[in-house]
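Enquirer: Just so it is clear, I am handing over model.pdb, which has PDB, C-alpha atoms and all ligand atoms.
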ATOM      1  CA  MET A  13      -1.283  60.251  -9.053
ATOM      2  CA  LYS A  14      -4.993  60.068  -9.864
ATOM      3  CA  VAL A  15      -7.333  60.316  -6.847
ATOM      4  CA  ARG A  16      -8.865  56.904  -7.644
ATOM      5  CA  LYS A  17      -5.479  55.128  -7.709
ATOM      6  CA  GLN A  18      -4.479  56.882  -4.514
ATOM      7  CA  TYR A  19      -7.731  55.749  -2.864
ATOM      8  CA  GLU A  20      -7.095  52.142  -3.942
ATOM      9  CA  LEU A  21      -3.597  52.158  -2.469
ATOM     10  CA  GLN A  22      -4.837  53.761   0.747
ATOM     11  CA  ALA A  23      -7.623  51.140   1.010
ATOM     12  CA  GLN A  24      -5.082  48.325   0.819
ATOM     13  CA  LEU A  25      -2.915  49.975   3.465
ATOM     14  CA  SER A  26      -5.952  50.295   5.756
ATOM     15  CA  LEU A  27      -6.940  46.702   5.096
ATOM     16  CA  PRO A  28      -4.052  44.660   3.654
ATOM     17  CA  PHE A  29      -4.346  41.175   2.203
ATOM     18  CA  LEU A  30      -4.366  38.346   4.734
ATOM     19  CA  SER A  31      -5.988  35.029   3.983
ATOM     20  CA  THR A  32      -8.508  33.017   5.989
ATOM     21  CA  SER A  33      -6.994  29.516   6.161
ATOM     22  CA  SER A  34      -8.703  26.533   4.531
ATOM     23  CA  LYS A  35      -8.950  24.839   7.921
ATOM     24  CA  ALA A  36     -10.743  27.856   9.408
ATOM     25  CA  LEU A  37     -13.098  27.995   6.415
ATOM     26  CA  THR A  38     -14.168  24.391   6.966
ATOM     27  CA  HIS A  39     -15.170  25.210  10.550
ATOM     28  CA  ILE A  40     -16.776  28.537   9.653
ATOM     29  CA  PHE A  41     -18.952  26.989   6.929
ATOM     30  CA  ASN A  42     -19.880  24.008   9.134
ATOM     31  CA  VAL A  43     -21.375  26.495  11.582
ATOM     32  CA  LEU A  44     -23.225  28.268   8.770
ATOM     33  CA  GLU A  45     -24.694  24.931   7.720
ATOM     34  CA  LYS A  46     -25.615  23.700  11.204
ATOM     35  CA  ARG A  47     -26.790  26.930  12.842
ATOM     36  CA  PHE A  48     -27.681  29.366  10.078
ATOM     37  CA  SER A  49     -29.506  27.252   7.477
ATOM     38  CA  LEU A  50     -26.857  27.336   4.749
ATOM     39  CA  LYS A  51     -28.067  24.781   2.174
ATOM     40  CA  LYS A  52     -25.943  23.085  -0.487
ATOM     41  CA  GLY A  53     -27.129  23.808  -4.028
ATOM     42  CA  SER A  54     -29.668  26.392  -2.863
ATOM     43  CA  THR A  55     -30.394  29.842  -4.283
ATOM     44  CA  GLN A  56     -28.736  31.472  -1.270
ATOM     45  CA  LYS A  57     -26.181  34.166  -2.018
ATOM     46  CA  PHE A  58     -22.785  34.666  -0.404
ATOM     47  CA  ILE A  59     -20.516  37.706  -0.611
ATOM     48  CA  ASP A  60     -16.964  38.320   0.623
ATOM     49  CA  LEU A  61     -16.208  42.016   1.210
ATOM     50  CA  GLY A  62     -12.491  42.200   0.376
ATOM     51  CA  ALA A  63     -12.025  38.849  -1.331
ATOM     52  CA  GLY A  64      -8.212  38.715  -1.346
ATOM     53  CA  ASN A  65      -7.023  35.695  -3.337
ATOM     54  CA  GLY A  66     -10.544  34.249  -3.511
ATOM     55  CA  ASN A  67     -10.066  31.507  -0.929
ATOM     56  CA  VAL A  68     -13.427  32.174   0.687
ATOM     57  CA  ILE A  69     -15.609  32.441  -2.429
ATOM     58  CA  VAL A  70     -13.915  29.434  -4.019
ATOM     59  CA  HIS A  71     -14.599  27.409  -0.853
ATOM     60  CA  SER A  72     -18.208  28.576  -0.780
ATOM     61  CA  ALA A  73     -18.932  27.733  -4.423
ATOM     62  CA  LEU A  74     -17.049  24.435  -4.633
ATOM     63  CA  ASN A  75     -18.363  23.026  -1.354
ATOM     64  CA  TYR A  76     -21.869  24.481  -1.258
ATOM     65  CA  SER A  77     -22.613  25.260  -4.886
ATOM     66  CA  ILE A  78     -24.149  28.633  -4.071
ATOM     67  CA  SER A  79     -23.663  31.965  -5.787
ATOM     68  CA  SER A  80     -20.421  33.401  -4.359
ATOM     69  CA  LEU A  81     -19.375  36.958  -5.108
ATOM     70  CA  GLY A  82     -16.044  38.502  -4.147
ATOM     71  CA  ILE A  83     -15.490  42.257  -3.980
ATOM     72  CA  GLU A  84     -11.838  43.246  -4.267
ATOM     73  CA  ILE A  85     -10.008  46.492  -4.986
ATOM     74  CA  ASN A  86      -6.548  45.073  -5.761
ATOM     75  CA  GLU A  87      -6.154  44.214  -9.455
ATOM     76  CA  ILE A  88      -3.247  41.842  -8.842
ATOM     77  CA  LEU A  89      -5.380  39.746  -6.495
ATOM     78  CA  ILE A  90      -8.293  39.859  -8.936
ATOM     79  CA  ASP A  91      -6.043  38.496 -11.700
ATOM     80  CA  GLU A  92      -4.899  35.776  -9.279
ATOM     81  CA  ILE A  93      -8.497  34.720  -8.644
ATOM     82  CA  LYS A  94      -9.300  34.720 -12.374
ATOM     83  CA  GLU A  95      -6.247  32.552 -13.035
ATOM     84  CA  ARG A  96      -7.336  30.192 -10.272
ATOM     85  CA  ILE A  97     -10.810  29.845 -11.791
ATOM     86  CA  LYS A  98      -9.241  29.257 -15.223
ATOM     87  CA  ILE A  99      -7.073  26.445 -13.822
ATOM     88  CA  LEU A 100     -10.095  24.887 -12.085
ATOM     89  CA  LYS A 101     -11.945  24.962 -15.422
ATOM     90  CA  GLU A 102      -9.028  23.307 -17.229
ATOM     91  CA  LYS A 103      -8.779  20.573 -14.614
ATOM     92  CA  LYS A 104     -12.450  19.730 -15.180
ATOM     93  CA  LEU A 105     -12.847  18.492 -11.602
ATOM     94  CA  TYR A 106     -15.934  20.666 -11.157
ATOM     95  CA  SER A 107     -18.838  21.301 -13.498
ATOM     96  CA  SER A 108     -18.971  24.650 -15.299
ATOM     97  CA  LYS A 109     -22.320  25.233 -13.549
ATOM     98  CA  ILE A 110     -20.510  25.270 -10.192
ATOM     99  CA  LEU A 111     -17.540  27.292 -11.439
ATOM    100  CA  HIS A 112     -19.889  29.944 -12.853
ATOM    101  CA  LYS A 113     -21.085  30.559  -9.308
ATOM    102  CA  ILE A 114     -17.720  32.144  -8.469
ATOM    103  CA  VAL A 115     -17.777  35.795  -9.480
ATOM    104  CA  ILE A 116     -15.150  38.422  -8.711
ATOM    105  CA  LYS A 117     -15.823  42.117  -9.082
ATOM    106  CA  LYS A 118     -13.371  44.995  -8.887
ATOM    107  CA  MET A 119     -15.097  47.427  -6.587
ATOM    108  CA  ASP A 120     -14.816  49.431  -3.390
ATOM    109  CA  LEU A 121     -16.472  47.402  -0.633
ATOM    110  CA  PHE A 122     -17.746  50.626   0.951
ATOM    111  CA  GLN A 123     -19.963  51.102  -2.133
ATOM    112  CA  GLN A 124     -21.485  47.620  -2.052
ATOM    113  CA  ASP A 125     -25.230  47.113  -1.593
ATOM    114  CA  LEU A 126     -25.912  43.986   0.474
ATOM    115  CA  SER A 127     -29.648  43.683  -0.033
ATOM    116  CA  ASN A 128     -29.380  40.532  -2.202
ATOM    117  CA  PHE A 129     -27.167  38.502   0.107
ATOM    118  CA  ASP A 130     -27.924  35.848   2.721
ATOM    119  CA  PHE A 131     -24.335  35.563   3.957
ATOM    120  CA  VAL A 132     -21.847  38.419   4.168
ATOM    121  CA  TYR A 133     -18.251  37.540   5.016
ATOM    122  CA  LEU A 134     -15.477  39.881   6.035
ATOM    123  CA  PHE A 135     -11.977  39.618   7.361
ATOM    124  CA  SER A 136     -11.436  43.234   8.214
ATOM    125  CA  LEU A 137      -9.625  45.256  10.847
ATOM    126  CA  PRO A 138     -11.185  47.133  13.776
ATOM    127  CA  THR A 139      -9.611  50.373  12.515
ATOM    128  CA  MET A 140     -11.705  50.399   9.321
ATOM    129  CA  GLN A 141     -14.840  48.702  10.619
ATOM    130  CA  LYS A 142     -16.277  51.928  11.985
ATOM    131  CA  TYR A 143     -16.859  53.094   8.412
ATOM    132  CA  LEU A 144     -19.065  50.097   7.556
ATOM    133  CA  LYS A 145     -22.361  51.206   9.112
ATOM    134  CA  HIS A 146     -23.931  52.469   5.849
ATOM    135  CA  VAL A 147     -22.938  49.158   4.184
ATOM    136  CA  PHE A 148     -24.526  46.976   6.891
ATOM    137  CA  LEU A 149     -27.647  49.120   6.749
ATOM    138  CA  THR A 150     -28.255  47.878   3.185
ATOM    139  CA  ALA A 151     -28.350  44.192   4.279
ATOM    140  CA  LYS A 152     -31.717  42.466   4.355
ATOM    141  CA  GLU A 153     -33.327  41.456   7.630
ATOM    142  CA  GLY A 154     -32.052  38.039   8.734
ATOM    143  CA  ALA A 155     -28.853  38.170   6.668
ATOM    144  CA  ILE A 156     -25.894  36.604   8.477
ATOM    145  CA  ILE A 157     -22.727  38.677   8.736
ATOM    146  CA  ILE A 158     -19.609  36.672   9.514
ATOM    147  CA  SER A 159     -16.567  38.501  10.844
ATOM    148  CA  TYR A 160     -13.350  36.516  10.990
ATOM    149  CA  LYS A 161     -10.963  37.250  13.842
ATOM    150  CA  TYR A 162     -12.405  40.596  14.978
ATOM    151  CA  PRO A 163     -15.788  41.412  16.506
ATOM    152  CA  LEU A 164     -17.922  44.103  14.897
ATOM    153  CA  ASP A 165     -18.303  46.656  17.651
ATOM    154  CA  GLY A 166     -20.594  49.655  17.636
ATOM    155  CA  PHE A 167     -23.387  48.308  15.430
ATOM    156  CA  ASP A 168     -25.791  47.209  18.169
ATOM    157  CA  SER A 169     -28.742  48.962  16.554
ATOM    158  CA  ILE A 170     -28.417  47.078  13.235
ATOM    159  CA  ILE A 171     -26.761  43.711  13.861
ATOM    160  CA  GLN A 172     -27.092  41.224  16.693
ATOM    161  CA  LEU A 173     -24.379  38.791  17.824
ATOM    162  CA  GLU A 174     -25.693  35.223  17.425
ATOM    163  CA  TYR A 175     -22.677  32.963  17.841
ATOM    164  CA  VAL A 176     -18.907  32.966  18.431
ATOM    165  CA  LEU A 177     -16.748  30.173  17.056
ATOM    166  CA  ASP A 178     -13.313  29.354  18.477
ATOM    167  CA  ILE A 179     -10.808  27.883  16.046
ATOM    168  CA  LYS A 180      -7.461  26.512  17.203
ATOM    169  CA  GLN A 181      -4.789  27.691  14.745
ATOM    170  CA  GLU A 182      -1.280  26.527  15.591
ATOM    171  CA  LYS A 183      -0.553  28.343  18.870
ATOM    172  CA  GLU A 184      -3.439  30.810  18.872
ATOM    173  CA  LEU A 185      -7.183  30.629  19.326
ATOM    174  CA  VAL A 186      -8.958  32.575  16.580
ATOM    175  CA  LYS A 187     -12.571  33.625  16.922
ATOM    176  CA  THR A 188     -15.217  34.067  14.264
ATOM    177  CA  TYR A 189     -18.274  36.182  15.026
ATOM    178  CA  TYR A 190     -21.720  35.553  13.513
ATOM    179  CA  TYR A 191     -24.227  38.404  13.499
ATOM    180  CA  LYS A 192     -27.800  38.659  12.253
ATOM    181  CA  LYS A 193     -29.120  41.791  10.563
ATOM    182  CA  VAL A 194     -32.099  43.004  12.537
ATOM    183  CA  ASN A 195     -34.684  45.697  11.992
ATOM    184  CA  PHE A 196     -35.408  46.987  15.451
TER     185      PHE A 196
HETATM  186  C1  LIG B   1      -7.713  40.685   5.199
HETATM  187  S1  LIG B   1      -7.944  40.468   3.455
HETATM  188  C2  LIG B   1      -9.196  39.207   3.453
HETATM  189  C3  LIG B   1      -9.174  38.328   2.225
HETATM  190  C4  LIG B   1     -10.241  37.241   2.197
HETATM  191  N1  LIG B   1     -11.536  37.767   2.527
HETATM  192  C5  LIG B   1      -9.902  36.125   3.149
HETATM  193  O1  LIG B   1     -10.465  36.124   4.243
HETATM  194  O2  LIG B   1      -9.076  35.264   2.804
HETATM  195  C6  LIG B   1      -8.798  41.953   3.007
HETATM  196  C7  LIG B   1      -8.875  42.249   1.531
HETATM  197  O3  LIG B   1      -9.670  43.423   1.346
HETATM  198  C8  LIG B   1      -9.154  44.160   0.236
HETATM  199  N2  LIG B   1      -9.620  45.548   0.376
HETATM  200  C9  LIG B   1      -9.146  46.505   1.207
HETATM  201  N3  LIG B   1      -9.875  47.611   1.084
HETATM  202  C10 LIG B   1     -10.835  47.370   0.165
HETATM  203  C11 LIG B   1     -11.884  48.155  -0.387
HETATM  204  N4  LIG B   1     -12.091  49.395   0.004
HETATM  205  N5  LIG B   1     -12.704  47.574  -1.293
HETATM  206  C12 LIG B   1     -12.491  46.285  -1.710
HETATM  207  N6  LIG B   1     -11.504  45.500  -1.225
HETATM  208  C13 LIG B   1     -10.682  46.029  -0.291
HETATM  209  C14 LIG B   1      -7.653  43.996   0.353
HETATM  210  O4  LIG B   1      -7.019  44.216  -0.887
HETATM  211  C15 LIG B   1      -7.540  42.545   0.860
HETATM  212  O5  LIG B   1      -7.368  41.665  -0.207
END
Go through the file and emit its structure as structure tokens.
Expert:
Amino acid sequence: MKVRKQYELQAQLSLPFLSTSSKALTHIFNVLEKRFSLKKGSTQKFIDLGAGNGNVIVHSALNYSISSLGIEINEILIDEIKERIKILKEKKLYSSKILHKIVIKKMDLFQQDLSNFDFVYLFSLPTMQKYLKHVFLTAKEGAIIISYKYPLDGFDSIIQLEYVLDIKQEKELVKTYYYKKVNF
């Protein structure tokens, strides 16, 4: 097996696909709007590191009409997102200007430069988060990093916790953590 393919499989074992629910996304984006200056139709840029089936970037683009980029390593999920965008286009419920704001890129999230983004979303696992320091270092000052379910521990010198949101999901209480990139 080629090293690249092996790396891709290993990456998905370290961080498998799980989806942020639509209900959670509504709450998470409400907080971004109310507390972190997310503006509908603005030139702000959103990125999801490990985009899964595209739930997050589709929500971002359709509801806020901002540039929404998803980084994903799994080709099957990428095809799923492309199919979803195609169906949205066919349904003609949204303008092509809005749909063009959804972009999916096959890439390793550990190689991503964050300097262009205002909002960085991730639903990751504590076991792989420790390898993210060099990625967060590329974010611009003031960028908001949103971590669903798990706090980002060990990055005190580069990101600052600003807010914690509690979301009731069936029987459990799920937290979302909002950090700001700081240049100390
Ligand atoms: C927990 S899911 C989150 C999906 C989506 N962000 C959401 O919240 O609905 C994590 C995703 O990251 C992808 N992934 C894992 N390692 C990756 C890597 N190194 N580069 C890019 N994507 C990766 C997985 O394939 C999976 O789809």
Enquirer: For the file shown, report as a JSON list (two decimals) with C-alpha atoms, keeping the file's coordinate frame the outcome of the PyMOL selection byres (((not hetatm)) within 9 of (chain B and resi 1)) at residue level.
Expert:
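Saved result, part_0.json, follows:
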[["chain", "number", "residue", "atom", "x", "y", "z"],
["A", 19, "TYR", "CA", -7.73, 55.75, -2.86],
["A", 20, "GLU", "CA", -7.10, 52.14, -3.94],
["A", 21, "LEU", "CA", -3.60, 52.16, -2.47],
["A", 22, "GLN", "CA", -4.84, 53.76, 0.75],
["A", 23, "ALA", "CA", -7.62, 51.14, 1.01],
["A", 24, "GLN", "CA", -5.08, 48.32, 0.82],
["A", 25, "LEU", "CA", -2.92, 49.98, 3.46],
["A", 26, "SER", "CA", -5.95, 50.30, 5.76],
["A", 27, "LEU", "CA", -6.94, 46.70, 5.10],
["A", 28, "PRO", "CA", -4.05, 44.66, 3.65],
["A", 29, "PHE", "CA", -4.35, 41.18, 2.20],
["A", 30, "LEU", "CA", -4.37, 38.35, 4.73],
["A", 31, "SER", "CA", -5.99, 35.03, 3.98],
["A", 32, "THR", "CA", -8.51, 33.02, 5.99],
["A", 33, "SER", "CA", -6.99, 29.52, 6.16],
["A", 34, "SER", "CA", -8.70, 26.53, 4.53],
["A", 37, "LEU", "CA", -13.10, 28.00, 6.42],
["A", 60, "ASP", "CA", -16.96, 38.32, 0.62],
["A", 61, "LEU", "CA", -16.21, 42.02, 1.21],
["A", 62, "GLY", "CA", -12.49, 42.20, 0.38],
["A", 63, "ALA", "CA", -12.02, 38.85, -1.33],
["A", 64, "GLY", "CA", -8.21, 38.72, -1.35],
["A", 65, "ASN", "CA", -7.02, 35.70, -3.34],
["A", 66, "GLY", "CA", -10.54, 34.25, -3.51],
["A", 67, "ASN", "CA", -10.07, 31.51, -0.93],
["A", 68, "VAL", "CA", -13.43, 32.17, 0.69],
["A", 69, "ILE", "CA", -15.61, 32.44, -2.43],
["A", 82, "GLY", "CA", -16.04, 38.50, -4.15],
["A", 83, "ILE", "CA", -15.49, 42.26, -3.98],
["A", 84, "GLU", "CA", -11.84, 43.25, -4.27],
["A", 85, "ILE", "CA", -10.01, 46.49, -4.99],
["A", 86, "ASN", "CA", -6.55, 45.07, -5.76],
["A", 87, "GLU", "CA", -6.15, 44.21, -9.46],
["A", 89, "LEU", "CA", -5.38, 39.75, -6.50],
["A", 90, "ILE", "CA", -8.29, 39.86, -8.94],
["A", 118, "LYS", "CA", -13.37, 45.00, -8.89],
["A", 119, "MET", "CA", -15.10, 47.43, -6.59],
["A", 120, "ASP", "CA", -14.82, 49.43, -3.39],
["A", 121, "LEU", "CA", -16.47, 47.40, -0.63],
["A", 122, "PHE", "CA", -17.75, 50.63, 0.95],
["A", 123, "GLN", "CA", -19.96, 51.10, -2.13],
["A", 124, "GLN", "CA", -21.48, 47.62, -2.05],
["A", 133, "TYR", "CA", -18.25, 37.54, 5.02],
["A", 134, "LEU", "CA", -15.48, 39.88, 6.04],
["A", 135, "PHE", "CA", -11.98, 39.62, 7.36],
["A", 136, "SER", "CA", -11.44, 43.23, 8.21],
["A", 137, "LEU", "CA", -9.62, 45.26, 10.85],
["A", 140, "MET", "CA", -11.70, 50.40, 9.32],
["A", 160, "TYR", "CA", -13.35, 36.52, 10.99]]
Enquirer: Using all atoms listed in the file, which protein or nucleic acid residues come within 10 Å of Glu153 of chain A? Drop anything in the same chain fewer than 3 positions from it, and give the result as a VMD selection string.
Expert: chain A and resid 127 130 149 to 150 156 170 to 171 192 to 196
Enquirer: Show which residues sit within 9 Å of Gln181 of chain A, as a compact mmCIF listing (two decimals) with C-alpha atoms, in the frame of the given file. Count only C-alpha atoms, and ignore same-chain residues fewer than 3 positions away.
Expert:
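around_24.txt, written as the output of this step:
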# COMPACT_ATOMS: atom_id res chain seq x y z
CA LYS A 35 -8.95 24.84 7.92
CA ALA A 36 -10.74 27.86 9.41
CA GLU A 184 -3.44 30.81 18.87
CA LEU A 185 -7.18 30.63 19.33
CA VAL A 186 -8.96 32.58 16.58
Enquirer: When you count all atoms listed in the file, which of these residues is closest to Leu81 of chain A: A:Ala155, A:Val147, A:Ile116, A:Ile179?
Expert: A:Ile116
Enquirer: To test your reading of the syntax: which residues would the PyMOL selection byres (((chain A and resi 95-101) around 12) and not hetatm) return for the file shown? Reply as JSON, numbers by chain.
Expert: {"A": [65, 66, 67, 69, 70, 71, 73, 74, 88, 89, 90, 91, 92, 93, 94, 102, 103, 104, 105, 106, 107, 108, 109, 110, 111, 112, 113, 114, 115, 116]}
Enquirer: Draw an axis-aligned box tight on the listed atoms of segment 91-95 of chain A, then pad every side by 4 Å and write out centre and edge lengths in Å to one decimal as AutoDock Vina command-line options.
Expert:
--center_x -7.1 --center_y 35.5 --center_z -10.8 --size_x 12.4 --size_y 13.9 --size_z 12.4
Enquirer: What does the structure give for the distance between atom CA of Leu173 of chain A and atom CA of Thr55 of chain A, in Å to one decimal?
Expert: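 Between atom CA of Leu173 of chain A and atom CA of Thr55 of chain A the gap works out to 24.6 Å.
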Enquirer: Just want the 12 Å neighbourhood of Glu45 of chain A, counted on only C-alpha atoms, with same-chain residues fewer than 6 positions away dropped. Output as a PyMOL selection string.
Expert: chain A and resi 38-39+51-52+54+56+72+75-76+131+156
Enquirer: Go ahead and save the residues from that selection, with C-alpha atoms, as a tab-separated table (two decimals), in the frame of the given file.
Expert:
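Wrote selection-v3.tsv, looks like this:
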chain	number	residue	atom	x	y	z
A	38	THR	CA	-14.17	24.39	6.97
A	39	HIS	CA	-15.17	25.21	10.55
A	51	LYS	CA	-28.07	24.78	2.17
A	52	LYS	CA	-25.94	23.08	-0.49
A	54	SER	CA	-29.67	26.39	-2.86
A	56	GLN	CA	-28.74	31.47	-1.27
A	72	SER	CA	-18.21	28.58	-0.78
A	75	ASN	CA	-18.36	23.03	-1.35
A	76	TYR	CA	-21.87	24.48	-1.26
A	131	PHE	CA	-24.34	35.56	3.96
A	156	ILE	CA	-25.89	36.60	8.48
Enquirer: Counting all atoms listed in the file, which of A:Lys46, A:Glu182, A:Ile59, A:Phe148 gets nearest to Lys117 of chain A?
Expert: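 Under the stated criterion, the closest residue is A:Ile59.
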Enquirer: Generate the coordinates of N, CA and C atoms for segment 95-124 of chain A; report them as a PDB file, in the coordinates of the input.
Expert:
ATOM      1  N   GLU A  95      -7.150  33.616 -12.615  1.00  0.00           N
ATOM      2  CA  GLU A  95      -6.247  32.552 -13.035  1.00  0.00           C
ATOM      3  C   GLU A  95      -6.614  31.232 -12.332  1.00  0.00           C
ATOM      4  N   ARG A  96      -6.958  31.373 -11.062  1.00  0.00           N
ATOM      5  CA  ARG A  96      -7.336  30.192 -10.272  1.00  0.00           C
ATOM      6  C   ARG A  96      -8.601  29.541 -10.846  1.00  0.00           C
ATOM      7  N   ILE A  97      -9.561  30.371 -11.218  1.00  0.00           N
ATOM      8  CA  ILE A  97     -10.810  29.845 -11.791  1.00  0.00           C
ATOM      9  C   ILE A  97     -10.514  29.178 -13.141  1.00  0.00           C
ATOM     10  N   LYS A  98      -9.615  29.820 -13.914  1.00  0.00           N
ATOM     11  CA  LYS A  98      -9.241  29.257 -15.223  1.00  0.00           C
ATOM     12  C   LYS A  98      -8.627  27.863 -15.046  1.00  0.00           C
ATOM     13  N   ILE A  99      -7.731  27.738 -14.071  1.00  0.00           N
ATOM     14  CA  ILE A  99      -7.073  26.445 -13.822  1.00  0.00           C
ATOM     15  C   ILE A  99      -8.108  25.397 -13.391  1.00  0.00           C
ATOM     16  N   LEU A 100      -9.038  25.819 -12.534  1.00  0.00           N
ATOM     17  CA  LEU A 100     -10.095  24.887 -12.085  1.00  0.00           C
ATOM     18  C   LEU A 100     -10.914  24.398 -13.276  1.00  0.00           C
ATOM     19  N   LYS A 101     -11.176  25.333 -14.220  1.00  0.00           N
ATOM     20  CA  LYS A 101     -11.945  24.962 -15.422  1.00  0.00           C
ATOM     21  C   LYS A 101     -11.170  23.935 -16.247  1.00  0.00           C
ATOM     22  N   GLU A 102      -9.855  24.201 -16.410  1.00  0.00           N
ATOM     23  CA  GLU A 102      -9.028  23.307 -17.229  1.00  0.00           C
ATOM     24  C   GLU A 102      -8.943  21.913 -16.624  1.00  0.00           C
ATOM     25  N   LYS A 103      -8.906  21.872 -15.294  1.00  0.00           N
ATOM     26  CA  LYS A 103      -8.779  20.573 -14.614  1.00  0.00           C
ATOM     27  C   LYS A 103     -10.037  19.734 -14.715  1.00  0.00           C
ATOM     28  N   LYS A 104     -11.144  20.389 -14.990  1.00  0.00           N
ATOM     29  CA  LYS A 104     -12.450  19.730 -15.180  1.00  0.00           C
ATOM     30  C   LYS A 104     -12.870  18.846 -13.995  1.00  0.00           C
ATOM     31  N   LEU A 105     -12.442  19.260 -12.788  1.00  0.00           N
ATOM     32  CA  LEU A 105     -12.847  18.492 -11.602  1.00  0.00           C
ATOM     33  C   LEU A 105     -14.230  18.917 -11.131  1.00  0.00           C
ATOM     34  N   TYR A 106     -14.631  20.129 -11.559  1.00  0.00           N
ATOM     35  CA  TYR A 106     -15.934  20.666 -11.157  1.00  0.00           C
ATOM     36  C   TYR A 106     -16.701  21.053 -12.414  1.00  0.00           C
ATOM     37  N   SER A 107     -18.023  20.964 -12.331  1.00  0.00           N
ATOM     38  CA  SER A 107     -18.838  21.301 -13.498  1.00  0.00           C
ATOM     39  C   SER A 107     -18.773  22.808 -13.741  1.00  0.00           C
ATOM     40  N   SER A 108     -19.013  23.211 -15.006  1.00  0.00           N
ATOM     41  CA  SER A 108     -18.971  24.650 -15.299  1.00  0.00           C
ATOM     42  C   SER A 108     -20.115  25.367 -14.577  1.00  0.00           C
ATOM     43  N   LYS A 109     -21.199  24.633 -14.281  1.00  0.00           N
ATOM     44  CA  LYS A 109     -22.320  25.233 -13.549  1.00  0.00           C
ATOM     45  C   LYS A 109     -21.838  25.706 -12.168  1.00  0.00           C
ATOM     46  N   ILE A 110     -21.034  24.885 -11.518  1.00  0.00           N
ATOM     47  CA  ILE A 110     -20.510  25.270 -10.192  1.00  0.00           C
ATOM     48  C   ILE A 110     -19.489  26.405 -10.332  1.00  0.00           C
ATOM     49  N   LEU A 111     -18.587  26.273 -11.306  1.00  0.00           N
ATOM     50  CA  LEU A 111     -17.540  27.292 -11.439  1.00  0.00           C
ATOM     51  C   LEU A 111     -18.110  28.661 -11.803  1.00  0.00           C
ATOM     52  N   HIS A 112     -19.253  28.667 -12.507  1.00  0.00           N
ATOM     53  CA  HIS A 112     -19.889  29.944 -12.853  1.00  0.00           C
ATOM     54  C   HIS A 112     -20.458  30.660 -11.631  1.00  0.00           C
ATOM     55  N   LYS A 113     -20.550  29.932 -10.538  1.00  0.00           N
ATOM     56  CA  LYS A 113     -21.085  30.559  -9.308  1.00  0.00           C
ATOM     57  C   LYS A 113     -20.047  31.435  -8.622  1.00  0.00           C
ATOM     58  N   ILE A 114     -18.776  31.293  -9.041  1.00  0.00           N
ATOM     59  CA  ILE A 114     -17.720  32.144  -8.469  1.00  0.00           C
ATOM     60  C   ILE A 114     -17.598  33.397  -9.332  1.00  0.00           C
ATOM     61  N   VAL A 115     -17.868  34.540  -8.728  1.00  0.00           N
ATOM     62  CA  VAL A 115     -17.777  35.795  -9.480  1.00  0.00           C
ATOM     63  C   VAL A 115     -16.916  36.769  -8.682  1.00  0.00           C
ATOM     64  N   ILE A 116     -15.985  37.430  -9.389  1.00  0.00           N
ATOM     65  CA  ILE A 116     -15.150  38.422  -8.711  1.00  0.00           C
ATOM     66  C   ILE A 116     -15.374  39.779  -9.389  1.00  0.00           C
ATOM     67  N   LYS A 117     -15.520  40.791  -8.551  1.00  0.00           N
ATOM     68  CA  LYS A 117     -15.823  42.117  -9.082  1.00  0.00           C
ATOM     69  C   LYS A 117     -14.824  43.116  -8.514  1.00  0.00           C
ATOM     70  N   LYS A 118     -14.242  43.940  -9.395  1.00  0.00           N
ATOM     71  CA  LYS A 118     -13.371  44.995  -8.887  1.00  0.00           C
ATOM     72  C   LYS A 118     -14.236  46.151  -8.416  1.00  0.00           C
ATOM     73  N   MET A 119     -14.226  46.401  -7.136  1.00  0.00           N
ATOM     74  CA  MET A 119     -15.097  47.427  -6.587  1.00  0.00           C
ATOM     75  C   MET A 119     -14.650  47.802  -5.185  1.00  0.00           C
ATOM     76  N   ASP A 120     -15.072  48.980  -4.760  1.00  0.00           N
ATOM     77  CA  ASP A 120     -14.816  49.431  -3.390  1.00  0.00           C
ATOM     78  C   ASP A 120     -15.896  48.833  -2.483  1.00  0.00           C
ATOM     79  N   LEU A 121     -15.485  48.078  -1.487  1.00  0.00           N
ATOM     80  CA  LEU A 121     -16.472  47.402  -0.633  1.00  0.00           C
ATOM     81  C   LEU A 121     -17.385  48.389   0.092  1.00  0.00           C
ATOM     82  N   PHE A 122     -16.916  49.625   0.264  1.00  0.00           N
ATOM     83  CA  PHE A 122     -17.746  50.626   0.951  1.00  0.00           C
ATOM     84  C   PHE A 122     -18.900  51.116   0.076  1.00  0.00           C
ATOM     85  N   GLN A 123     -18.889  50.716  -1.207  1.00  0.00           N
ATOM     86  CA  GLN A 123     -19.963  51.102  -2.133  1.00  0.00           C
ATOM     87  C   GLN A 123     -20.941  49.962  -2.360  1.00  0.00           C
ATOM     88  N   GLN A 124     -20.700  48.822  -1.746  1.00  0.00           N
ATOM     89  CA  GLN A 124     -21.485  47.620  -2.052  1.00  0.00           C
ATOM     90  C   GLN A 124     -22.853  47.627  -1.360  1.00  0.00           C
TER      91      GLN A 124
END
